[in-house]
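Student: Next comes run_31.txt, compact mmCIF, C-alpha atoms and all ligand atoms:
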```txt
# COMPACT_ATOMS: atom_id res chain seq x y z
CA MET A 94 117.23 132.28 91.18
CA SER A 95 114.01 131.21 92.84
CA ASP A 96 114.19 130.67 96.61
CA LYS A 97 111.18 128.43 96.33
CA PRO A 98 111.24 125.01 94.68
CA VAL A 99 109.98 125.26 91.10
CA ALA A 100 107.40 123.05 89.39
CA LEU A 101 106.93 122.98 85.62
CA VAL A 102 103.41 121.75 84.85
CA THR A 103 102.63 121.23 81.17
CA GLY A 104 99.16 122.03 79.89
CA SER A 105 98.23 123.82 83.10
CA GLY A 106 95.88 126.46 81.71
CA ARG A 107 92.83 124.39 82.61
CA GLY A 108 91.56 121.04 83.83
CA ILE A 109 93.81 118.67 85.74
CA GLY A 110 96.94 120.70 85.00
CA ARG A 111 95.34 123.81 86.44
CA ALA A 112 94.39 122.03 89.66
CA ILE A 113 97.95 120.68 89.94
CA ALA A 114 99.46 124.14 89.38
CA GLU A 115 97.17 125.75 91.96
CA ARG A 116 97.78 123.05 94.55
CA LEU A 117 101.55 123.14 94.12
CA ALA A 118 101.54 126.93 94.37
CA ALA A 119 99.50 126.72 97.59
CA ASP A 120 102.04 124.19 98.88
CA GLY A 121 104.94 126.60 98.32
CA PHE A 122 106.15 125.93 94.78
CA ALA A 123 106.83 128.63 92.24
CA VAL A 124 104.93 127.33 89.24
CA ALA A 125 105.89 127.46 85.58
CA VAL A 126 102.48 127.38 83.89
CA ASN A 127 102.72 125.98 80.36
CA ALA A 128 100.01 126.41 77.74
CA VAL A 129 99.73 126.26 73.96
CA THR A 130 97.95 129.59 73.89
CA VAL A 131 97.85 132.49 76.32
CA ASP A 132 94.98 134.96 76.14
CA THR A 133 95.74 137.85 78.47
CA ALA A 134 92.24 139.23 77.94
CA ASN A 135 90.66 136.12 79.41
CA LEU A 136 90.58 136.54 83.18
CA ASP A 137 88.14 133.69 83.83
CA ASP A 138 89.70 130.74 82.07
CA GLY A 139 93.06 129.70 80.63
CA ALA A 140 96.71 130.06 81.57
CA PHE A 141 96.63 133.78 82.28
CA SER A 142 93.86 133.35 84.83
CA VAL A 143 95.83 130.53 86.48
CA LYS A 144 98.84 132.82 86.88
CA THR A 145 96.83 135.76 88.18
CA GLY A 146 94.84 133.50 90.52
CA ILE A 147 98.02 132.05 92.02
CA GLU A 148 99.51 135.52 92.44
CA ARG A 149 96.34 136.85 94.05
CA ALA A 150 96.58 134.05 96.58
CA GLY A 151 100.15 135.12 97.41
CA GLY A 152 101.96 132.54 95.29
CA THR A 153 104.43 132.72 92.42
CA ALA A 154 103.66 131.76 88.82
CA GLU A 155 104.98 132.52 85.36
CA LEU A 156 103.59 131.70 81.94
CA PHE A 157 105.50 129.72 79.34
CA GLN A 158 103.73 129.43 76.04
CA ALA A 159 104.78 126.35 74.08
CA ASP A 160 103.37 123.43 72.15
CA ILE A 161 105.18 120.55 73.82
CA SER A 162 104.95 118.44 70.65
CA GLU A 163 107.31 120.82 68.83
CA PRO A 164 110.98 120.15 69.68
CA ALA A 165 112.16 123.74 69.19
CA ARG A 166 109.32 125.16 71.32
CA ARG A 167 109.99 122.58 74.00
CA ARG A 168 113.67 123.47 74.16
CA ALA A 169 112.91 127.19 74.21
CA MET A 170 110.44 126.67 77.06
CA VAL A 171 112.96 124.86 79.25
CA ASP A 172 115.57 127.53 78.50
CA ALA A 173 113.05 130.21 79.46
CA VAL A 174 112.08 128.48 82.72
CA ALA A 175 115.79 128.07 83.58
CA GLU A 176 116.38 131.71 82.76
CA ARG A 177 113.43 132.94 84.86
CA PHE A 178 113.69 130.63 87.88
CA GLY A 179 117.17 129.07 87.69
CA ARG A 180 115.87 125.63 88.69
CA ILE A 181 113.20 122.98 88.14
CA ASP A 182 112.54 120.74 91.15
CA LEU A 183 109.45 119.00 89.82
CA LEU A 184 108.34 118.27 86.27
CA VAL A 185 104.70 117.30 85.82
CA ASN A 186 104.02 116.00 82.32
CA ASN A 187 100.30 116.70 82.24
CA ALA A 188 99.54 118.07 78.75
CA GLY A 189 97.61 115.65 76.60
CA VAL A 190 94.81 115.38 74.10
CA GLY A 191 92.15 112.92 73.03
CA PRO A 192 91.44 112.22 69.36
CA ALA A 193 89.63 115.09 67.63
CA GLU A 194 86.93 112.55 66.88
CA ARG A 195 86.51 109.16 68.49
CA LYS A 196 86.59 106.62 65.67
CA ASP A 197 86.36 102.87 65.56
CA LEU A 198 89.65 100.96 65.43
CA LEU A 199 88.77 99.71 61.95
CA GLU A 200 88.21 103.24 60.64
CA ALA A 201 90.50 105.61 62.60
CA SER A 202 93.12 107.55 60.66
CA GLU A 203 96.89 107.48 60.73
CA GLU A 204 96.91 111.29 61.05
CA SER A 205 95.08 111.10 64.37
CA PHE A 206 97.44 108.37 65.56
CA GLU A 207 100.50 110.47 64.70
CA ARG A 208 99.03 113.57 66.37
CA LEU A 209 98.35 111.74 69.61
CA ILE A 210 101.73 110.04 69.68
CA ARG A 211 103.48 113.37 69.14
CA ILE A 212 101.56 115.23 71.85
CA ASN A 213 100.89 112.51 74.42
CA LEU A 214 104.10 110.50 74.14
CA GLN A 215 106.93 112.01 72.11
CA GLY A 216 106.48 115.46 73.68
CA PRO A 217 106.65 114.37 77.33
CA TYR A 218 109.30 111.74 76.57
CA PHE A 219 111.78 114.23 75.13
CA LEU A 220 110.78 117.03 77.49
CA THR A 221 111.63 114.69 80.35
CA GLN A 222 114.95 113.81 78.73
CA GLN A 223 115.77 117.50 78.47
CA VAL A 224 114.64 118.46 81.98
CA ALA A 225 116.27 115.38 83.56
CA ARG A 226 119.67 116.36 82.14
CA ARG A 227 119.34 119.77 83.75
CA MET A 228 118.04 118.32 87.02
CA ILE A 229 121.13 116.11 87.26
CA ARG A 230 123.34 119.16 86.83
CA TRP A 231 121.33 121.34 89.24
CA GLN A 232 121.40 118.55 91.78
CA ALA A 233 125.19 118.16 91.50
CA GLU A 234 125.56 121.93 91.93
CA GLY A 235 123.39 121.87 95.06
CA ILE A 236 120.69 124.02 93.44
CA VAL A 237 117.94 121.39 93.40
CA PRO A 238 118.21 119.15 96.47
CA GLN A 239 115.63 116.60 95.36
CA PRO A 240 114.36 116.55 91.77
CA ARG A 241 111.18 114.63 90.94
CA ILE A 242 109.26 113.78 87.76
CA ALA A 243 105.60 112.79 87.32
CA PHE A 244 103.69 111.65 84.27
CA ILE A 245 99.93 112.10 84.00
CA SER A 246 98.93 109.08 81.94
CA SER A 247 95.51 107.43 82.02
CA ILE A 248 93.65 104.24 82.85
CA SER A 249 93.48 104.08 79.03
CA ALA A 250 97.09 102.86 79.16
CA TYR A 251 95.67 99.46 80.14
CA THR A 252 91.93 99.73 79.45
CA SER A 253 90.72 98.97 75.94
CA SER A 254 88.51 101.58 74.25
CA PRO A 255 88.38 100.54 70.58
CA ASN A 256 86.86 103.90 69.62
CA ARG A 257 90.07 105.73 70.62
CA GLY A 258 92.83 103.21 70.13
CA ASP A 259 95.29 105.99 69.28
CA TYR A 260 94.78 107.55 72.75
CA CYS A 261 95.15 104.17 74.50
CA VAL A 262 98.37 103.35 72.64
CA SER A 263 99.86 106.79 73.35
CA LYS A 264 99.13 106.41 77.07
CA ALA A 265 100.42 102.81 77.17
CA GLY A 266 103.68 104.17 75.76
CA LEU A 267 103.71 106.90 78.39
CA ASN A 268 103.47 104.32 81.18
CA MET A 269 106.60 102.67 79.79
CA ALA A 270 108.29 106.08 79.57
CA GLY A 271 107.65 106.46 83.31
CA ARG A 272 109.28 103.11 84.02
CA LEU A 273 112.24 103.82 81.75
CA PHE A 274 113.00 107.20 83.31
CA ALA A 275 112.57 105.80 86.83
CA ASP A 276 115.11 103.13 85.95
CA ARG A 277 117.61 105.45 84.28
CA LEU A 278 117.36 108.18 86.91
CA GLY A 279 117.60 105.80 89.85
CA GLU A 280 121.36 106.29 90.17
CA PHE A 281 120.73 110.01 90.71
CA GLY A 282 118.02 109.39 93.31
CA ILE A 283 115.37 111.05 91.12
CA PRO A 284 111.95 109.44 91.72
CA VAL A 285 109.58 109.10 88.78
CA ILE A 286 105.93 108.14 89.12
CA THR A 287 103.03 107.78 86.71
CA LEU A 288 99.48 108.69 87.64
CA CYS A 289 96.60 107.06 85.80
CA PRO A 290 93.45 109.15 86.26
CA GLY A 291 90.12 107.48 85.55
CA ILE A 292 87.06 109.52 84.61
CA ILE A 293 87.76 113.12 85.56
CA GLU A 294 85.34 115.98 84.95
CA THR A 295 87.20 118.36 82.61
CA ARG A 296 86.77 119.73 79.13
CA MET A 297 88.33 116.56 77.76
CA THR A 298 85.38 114.47 78.96
CA ARG A 299 82.68 117.07 78.27
CA GLY A 300 81.63 115.43 75.01
CA VAL A 301 81.02 112.08 76.71
CA LYS A 302 79.47 113.41 79.92
CA GLU A 303 76.08 111.76 79.51
CA LYS A 304 77.60 108.39 78.76
CA TYR A 305 79.79 108.52 81.87
CA ASP A 306 76.99 109.98 84.02
CA ARG A 307 74.97 106.90 83.18
CA LEU A 308 77.82 104.44 83.73
CA ILE A 309 78.71 106.01 87.08
CA ALA A 310 75.06 106.00 88.18
CA ASP A 311 74.94 102.32 87.22
CA GLY A 312 77.86 101.55 89.57
CA LEU A 313 80.87 101.53 87.25
CA LEU A 314 83.01 103.05 89.99
CA VAL A 315 83.43 102.02 93.59
CA THR A 316 83.43 105.72 94.44
CA ARG A 317 80.12 106.74 92.93
CA ARG A 318 81.08 110.10 91.58
CA TRP A 319 83.15 111.62 88.82
CA GLY A 320 86.80 112.21 89.56
CA ARG A 321 87.78 115.83 90.11
CA PRO A 322 90.98 117.51 88.95
CA GLU A 323 91.74 118.06 92.66
CA ASP A 324 91.78 114.28 93.22
CA VAL A 325 94.72 114.04 90.83
CA ALA A 326 96.36 117.19 92.19
CA GLY A 327 96.31 115.72 95.71
CA VAL A 328 98.39 112.74 94.62
CA VAL A 329 100.85 115.00 92.79
CA ALA A 330 101.10 117.09 95.98
CA SER A 331 101.97 113.97 98.02
CA PHE A 332 104.65 113.09 95.49
CA ALA A 333 105.94 116.67 95.49
CA ARG A 334 106.28 116.52 99.31
CA GLY A 335 108.39 113.38 99.01
CA ASP A 336 105.81 111.00 100.47
CA LEU A 337 105.87 108.68 97.45
CA ASP A 338 109.56 108.60 96.62
CA TYR A 339 109.91 104.92 97.42
CA CYS A 340 107.15 104.22 94.85
CA THR A 341 109.47 105.23 92.00
CA GLY A 342 108.68 103.44 88.76
CA GLU A 343 105.11 102.72 89.87
CA THR A 344 101.82 103.72 88.31
CA ILE A 345 99.13 104.96 90.68
CA GLU A 346 95.54 104.81 89.53
CA VAL A 347 93.38 107.78 90.52
CA GLY A 348 90.19 106.19 89.35
CA GLY A 349 87.67 105.94 92.19
CA GLY A 350 88.04 102.16 92.10
CA LEU A 351 87.57 101.78 88.35
CA GLY A 352 90.48 99.35 88.18
CA LEU A 353 89.14 97.12 90.94
CA ARG A 354 88.07 93.78 89.51
CA ARG A 355 84.63 93.06 90.97
CA LEU A 356 82.14 90.24 90.82
N1 LIG B 1 89.79 114.06 82.01
C1 LIG B 1 90.01 112.77 82.15
O1 LIG B 1 89.07 112.00 82.39
C2 LIG B 1 91.39 112.20 82.06
C3 LIG B 1 91.55 110.85 82.39
C4 LIG B 1 92.81 110.28 82.31
C5 LIG B 1 93.88 111.03 81.93
N2 LIG B 1 93.72 112.36 81.60
C6 LIG B 1 94.92 113.08 81.18
O2 LIG B 1 95.10 114.20 82.01
C7 LIG B 1 95.77 115.23 81.29
C8 LIG B 1 94.99 116.52 81.42
O3 LIG B 1 93.72 116.34 80.81
P1 LIG B 1 92.42 117.21 81.16
O4 LIG B 1 91.32 116.27 81.42
O5 LIG B 1 92.74 118.25 82.15
O6 LIG B 1 92.13 117.82 79.71
P2 LIG B 1 91.97 119.31 79.20
O7 LIG B 1 91.70 119.17 77.76
O8 LIG B 1 91.02 120.06 80.05
O9 LIG B 1 93.42 119.92 79.45
C9 LIG B 1 94.54 119.52 78.70
C10 LIG B 1 95.50 120.67 78.67
O10 LIG B 1 96.67 120.29 77.91
C11 LIG B 1 96.97 121.32 77.02
N3 LIG B 1 97.68 120.82 75.84
C12 LIG B 1 97.19 120.05 74.86
N4 LIG B 1 98.13 119.84 73.92
C13 LIG B 1 99.22 120.53 74.33
C14 LIG B 1 100.49 120.73 73.76
N5 LIG B 1 100.82 120.18 72.60
N6 LIG B 1 101.38 121.50 74.43
C15 LIG B 1 101.06 122.05 75.61
N7 LIG B 1 99.86 121.91 76.19
C16 LIG B 1 98.95 121.14 75.55
C17 LIG B 1 95.62 121.89 76.63
O11 LIG B 1 95.74 123.17 76.06
C18 LIG B 1 94.90 121.88 77.97
O12 LIG B 1 95.19 123.03 78.71
C19 LIG B 1 95.90 114.73 79.85
O13 LIG B 1 97.18 114.17 79.64
C20 LIG B 1 94.85 113.64 79.77
O14 LIG B 1 95.15 112.68 78.80
C21 LIG B 1 92.49 112.95 81.65
```
Show how you would write the structure in this file as structure tokens.

Tutor:
Amino acid sequence: MSDKPVALVTGSGRGIGRAIAERLAADGFAVAVNAVTVDTANLDDGAFSVKTGIERAGGTAELFQADISEPARRRAMVDAVAERFGRIDLLVNNAGVGPAERKDLLEASEESFERLIRINLQGPYFLTQQVARRMIRWQAEGIVPQPRIAFISSISAYTSSPNRGDYCVSKAGLNMAGRLFADRLGEFGIPVITLCPGIIETRMTRGVKEKYDRLIADGLLVTRRWGRPEDVAGVVASFARGDLDYCTGETIEVGGGLGLRRL
């Protein structure tokens, strides 16, 4: 069993998930790095490079390949993490996707809607159910002293973008999932928080970079720069330390002031 606390971070081969994995490893967590694909030949990018980078820095990381939208793969992943580390202290539901193509609300397809609901909502919802059951047991057995769960949602949970309604609806559902699990897990003292990143520079936003460059230059944000994956990772690190436990059930925007109503 791992002597260190263990964090399972979904979709941590790149982007925000990668920054979270690296930060948690630096802060003393053994990290279960989850990715849909693992390319061991790629030493510069992807889950394998996250694992090797963490190990080079003296930390502990293991790869767990799984598509979190597939129930059997999800179950197998949690079994494998339990087998390898014997505990999960922190679950970070980070994995998520945008629509393959942004399409107007009056045109967008049902297939895209179903895909986003499965990956962005159903996957983390049932993964959390599964991990929470184990956390309750591990806690009762004295293996995990303080379990915690975080959801990486989005400002899209409450910000209308009619050219990706499917994404907005999936993230709105995820915010409710955060509240529900906070409520249900309260009796076990398991804090649950939801982070809502704003405009973060990752591969997900690469296709709309020019648009957001312009909006940010024009003053869209109070903080006049793109968000960085590390901005999100810093909040997860505070939660992981226990600094935000009394915020259970809350959503925290990591948006550089995007949500501030201004005149
Ligand atoms: N970039 C932003 O501006 C932004 C803003 C708000 C919220 N978010 C959210 O942050 C999270 C991370 O996004 P990112 O910007 O780092 O994007 P990204 O595309 O760089 O990374 C997403 C990661 O999730 C993984 N993933 C996708 N589907 C998966 C699945 N079914 N199973 C397991 N892993 C899967 C991908 O392989 C990838 O590694 C997402 O949930 C996203 O919705 C991003």

Student: Taking only C-alpha atoms and all ligand atoms and a cut-off of 7 Å, can you tell me which residues surround ligand LIG 1 (chain B), written as a VMD selection string?

Tutor: chain A and resid 103 to 110 127 to 129 159 to 162 187 to 191 212 to 213 245 to 248 289 to 298

Student: Quick one: pull the distance between atom CA of A:Phe332 and atom CA of A:Gly146, Å, one decimal.

Tutor: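 Between atom CA of A:Phe332 and atom CA of A:Gly146 the gap works out to 23.2 Å.
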
Student: Would you kindly return, as JSON, numbers by chain, each protein, DNA or RNA residue with an atom no farther than 10 Å from any atom of A:Met94, considering all atoms listed in the file and excluding same-chain residues fewer than 3 positions away?

Tutor: {"A": [97, 175, 176, 177, 178, 179, 180, 236]}

Student: Report, in Å with one decimal, the straight-line distance from atom CA of A:Val285 to atom CA of A:Leu273.

Tutor: 9.2 Å

Student: May I have the residues within 8 Å of stretch 302-317 of chain A as a PyMOL selection string, using only C-alpha atoms and disregarding those fewer than 2 positions away in the same chain?

Tutor: chain A and resi 292+298-300+319+348-351+353

Student: Restricting the output to C-alpha atoms, write the selected residues as an mmCIF file, in the frame of the given file.

Tutor:
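See result17.cif below for the written result:
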```
data_model
loop_
_atom_site.group_PDB
_atom_site.id
_atom_site.type_symbol
_atom_site.label_atom_id
_atom_site.label_comp_id
_atom_site.auth_asym_id
_atom_site.auth_seq_id
_atom_site.Cartn_x
_atom_site.Cartn_y
_atom_site.Cartn_z
ATOM 1 C CA ILE A 292 87.060 109.520 84.610
ATOM 2 C CA THR A 298 85.380 114.470 78.960
ATOM 3 C CA ARG A 299 82.680 117.070 78.270
ATOM 4 C CA GLY A 300 81.630 115.430 75.010
ATOM 5 C CA TRP A 319 83.150 111.620 88.820
ATOM 6 C CA GLY A 348 90.190 106.190 89.350
ATOM 7 C CA GLY A 349 87.670 105.940 92.190
ATOM 8 C CA GLY A 350 88.040 102.160 92.100
ATOM 9 C CA LEU A 351 87.570 101.780 88.350
ATOM 10 C CA LEU A 353 89.140 97.120 90.940
#
```

Student: What gap, in Å, lies between atom CA of A:Ala233 and atom CA of A:Leu220?

Tutor: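 Rounded to one decimal, the two atoms are 20.1 Å apart.
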
Student: Of the candidates A:Tyr260, A:Phe274, A:Phe281, A:Tyr251, which one gets nearest to A:Gly352 if we count only C-alpha atoms?

Tutor: A:Tyr251

Student: Using all atoms listed in the file for the distances, tell me which of A:Ala125, A:Val174, A:Ala100, A:Ala270 is nearest to A:Arg334.

Tutor: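 Of all the options, A:Ala100 lies closest to A:Arg334.
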
Student: Looking at A:Tyr218, A:Val237, A:Asp336, A:Asn186, which one is nearest to A:Thr287, with distances taken over only C-alpha atoms?

Tutor: A:Asn186

Student: Only C-alpha atoms, as a PDB file, in the first residue's frame: that is what I want for stretch 98-145 of chain A.

Tutor:
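Contents of the output file part-v6.pdb:
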```
ATOM      1  CA  PRO A  98      -1.729   9.898  -0.108  1.00  0.00           C
ATOM      2  CA  VAL A  99      -2.954   8.967  -3.581  1.00  0.00           C
ATOM      3  CA  ALA A 100      -4.653  11.217  -6.137  1.00  0.00           C
ATOM      4  CA  LEU A 101      -6.502   9.859  -9.165  1.00  0.00           C
ATOM      5  CA  VAL A 102      -6.623  12.578 -11.831  1.00  0.00           C
ATOM      6  CA  THR A 103      -8.664  11.741 -14.925  1.00  0.00           C
ATOM      7  CA  GLY A 104      -7.485  12.970 -18.306  1.00  0.00           C
ATOM      8  CA  SER A 105      -4.095  13.958 -16.925  1.00  0.00           C
ATOM      9  CA  GLY A 106      -1.935  13.299 -19.972  1.00  0.00           C
ATOM     10  CA  ARG A 107      -1.999  16.952 -20.965  1.00  0.00           C
ATOM     11  CA  GLY A 108      -3.528  20.356 -20.312  1.00  0.00           C
ATOM     12  CA  ILE A 109      -5.174  21.164 -17.002  1.00  0.00           C
ATOM     13  CA  GLY A 110      -5.077  17.540 -15.833  1.00  0.00           C
ATOM     14  CA  ARG A 111      -1.349  17.386 -16.423  1.00  0.00           C
ATOM     15  CA  ALA A 112      -0.726  20.532 -14.385  1.00  0.00           C
ATOM     16  CA  ILE A 113      -2.888  19.123 -11.577  1.00  0.00           C
ATOM     17  CA  ALA A 114      -1.016  15.797 -11.613  1.00  0.00           C
ATOM     18  CA  GLU A 115       2.385  17.504 -11.558  1.00  0.00           C
ATOM     19  CA  ARG A 116       1.412  19.901  -8.787  1.00  0.00           C
ATOM     20  CA  LEU A 117      -0.060  17.164  -6.604  1.00  0.00           C
ATOM     21  CA  ALA A 118       3.022  15.002  -7.125  1.00  0.00           C
ATOM     22  CA  ALA A 119       5.241  17.935  -6.109  1.00  0.00           C
ATOM     23  CA  ASP A 120       3.057  18.360  -3.020  1.00  0.00           C
ATOM     24  CA  GLY A 121       3.618  14.748  -1.949  1.00  0.00           C
ATOM     25  CA  PHE A 122       0.830  12.750  -3.584  1.00  0.00           C
ATOM     26  CA  ALA A 123       1.373   9.530  -5.469  1.00  0.00           C
ATOM     27  CA  VAL A 124      -0.529  10.218  -8.665  1.00  0.00           C
ATOM     28  CA  ALA A 125      -2.670   7.844 -10.700  1.00  0.00           C
ATOM     29  CA  VAL A 126      -2.409   9.378 -14.182  1.00  0.00           C
ATOM     30  CA  ASN A 127      -5.416   8.459 -16.324  1.00  0.00           C
ATOM     31  CA  ALA A 128      -5.491   8.805 -20.095  1.00  0.00           C
ATOM     32  CA  VAL A 129      -7.473   7.372 -23.001  1.00  0.00           C
ATOM     33  CA  THR A 130      -4.290   6.513 -24.845  1.00  0.00           C
ATOM     34  CA  VAL A 131      -0.738   5.933 -23.681  1.00  0.00           C
ATOM     35  CA  ASP A 132       2.103   6.268 -26.162  1.00  0.00           C
ATOM     36  CA  THR A 133       5.300   5.078 -24.504  1.00  0.00           C
ATOM     37  CA  ALA A 134       7.330   6.325 -27.470  1.00  0.00           C
ATOM     38  CA  ASN A 135       6.231   9.899 -26.878  1.00  0.00           C
ATOM     39  CA  LEU A 136       8.546  11.402 -24.276  1.00  0.00           C
ATOM     40  CA  ASP A 137       7.521  15.018 -24.909  1.00  0.00           C
ATOM     41  CA  ASP A 138       3.765  14.965 -24.602  1.00  0.00           C
ATOM     42  CA  GLY A 139       1.021  12.719 -23.227  1.00  0.00           C
ATOM     43  CA  ALA A 140       0.502  10.522 -20.184  1.00  0.00           C
ATOM     44  CA  PHE A 141       3.798   8.666 -20.408  1.00  0.00           C
ATOM     45  CA  SER A 142       5.767  11.899 -20.318  1.00  0.00           C
ATOM     46  CA  VAL A 143       3.730  13.040 -17.298  1.00  0.00           C
ATOM     47  CA  LYS A 144       4.657   9.861 -15.429  1.00  0.00           C
ATOM     48  CA  THR A 145       8.336  10.012 -16.356  1.00  0.00           C
TER      49      THR A 145
END
```
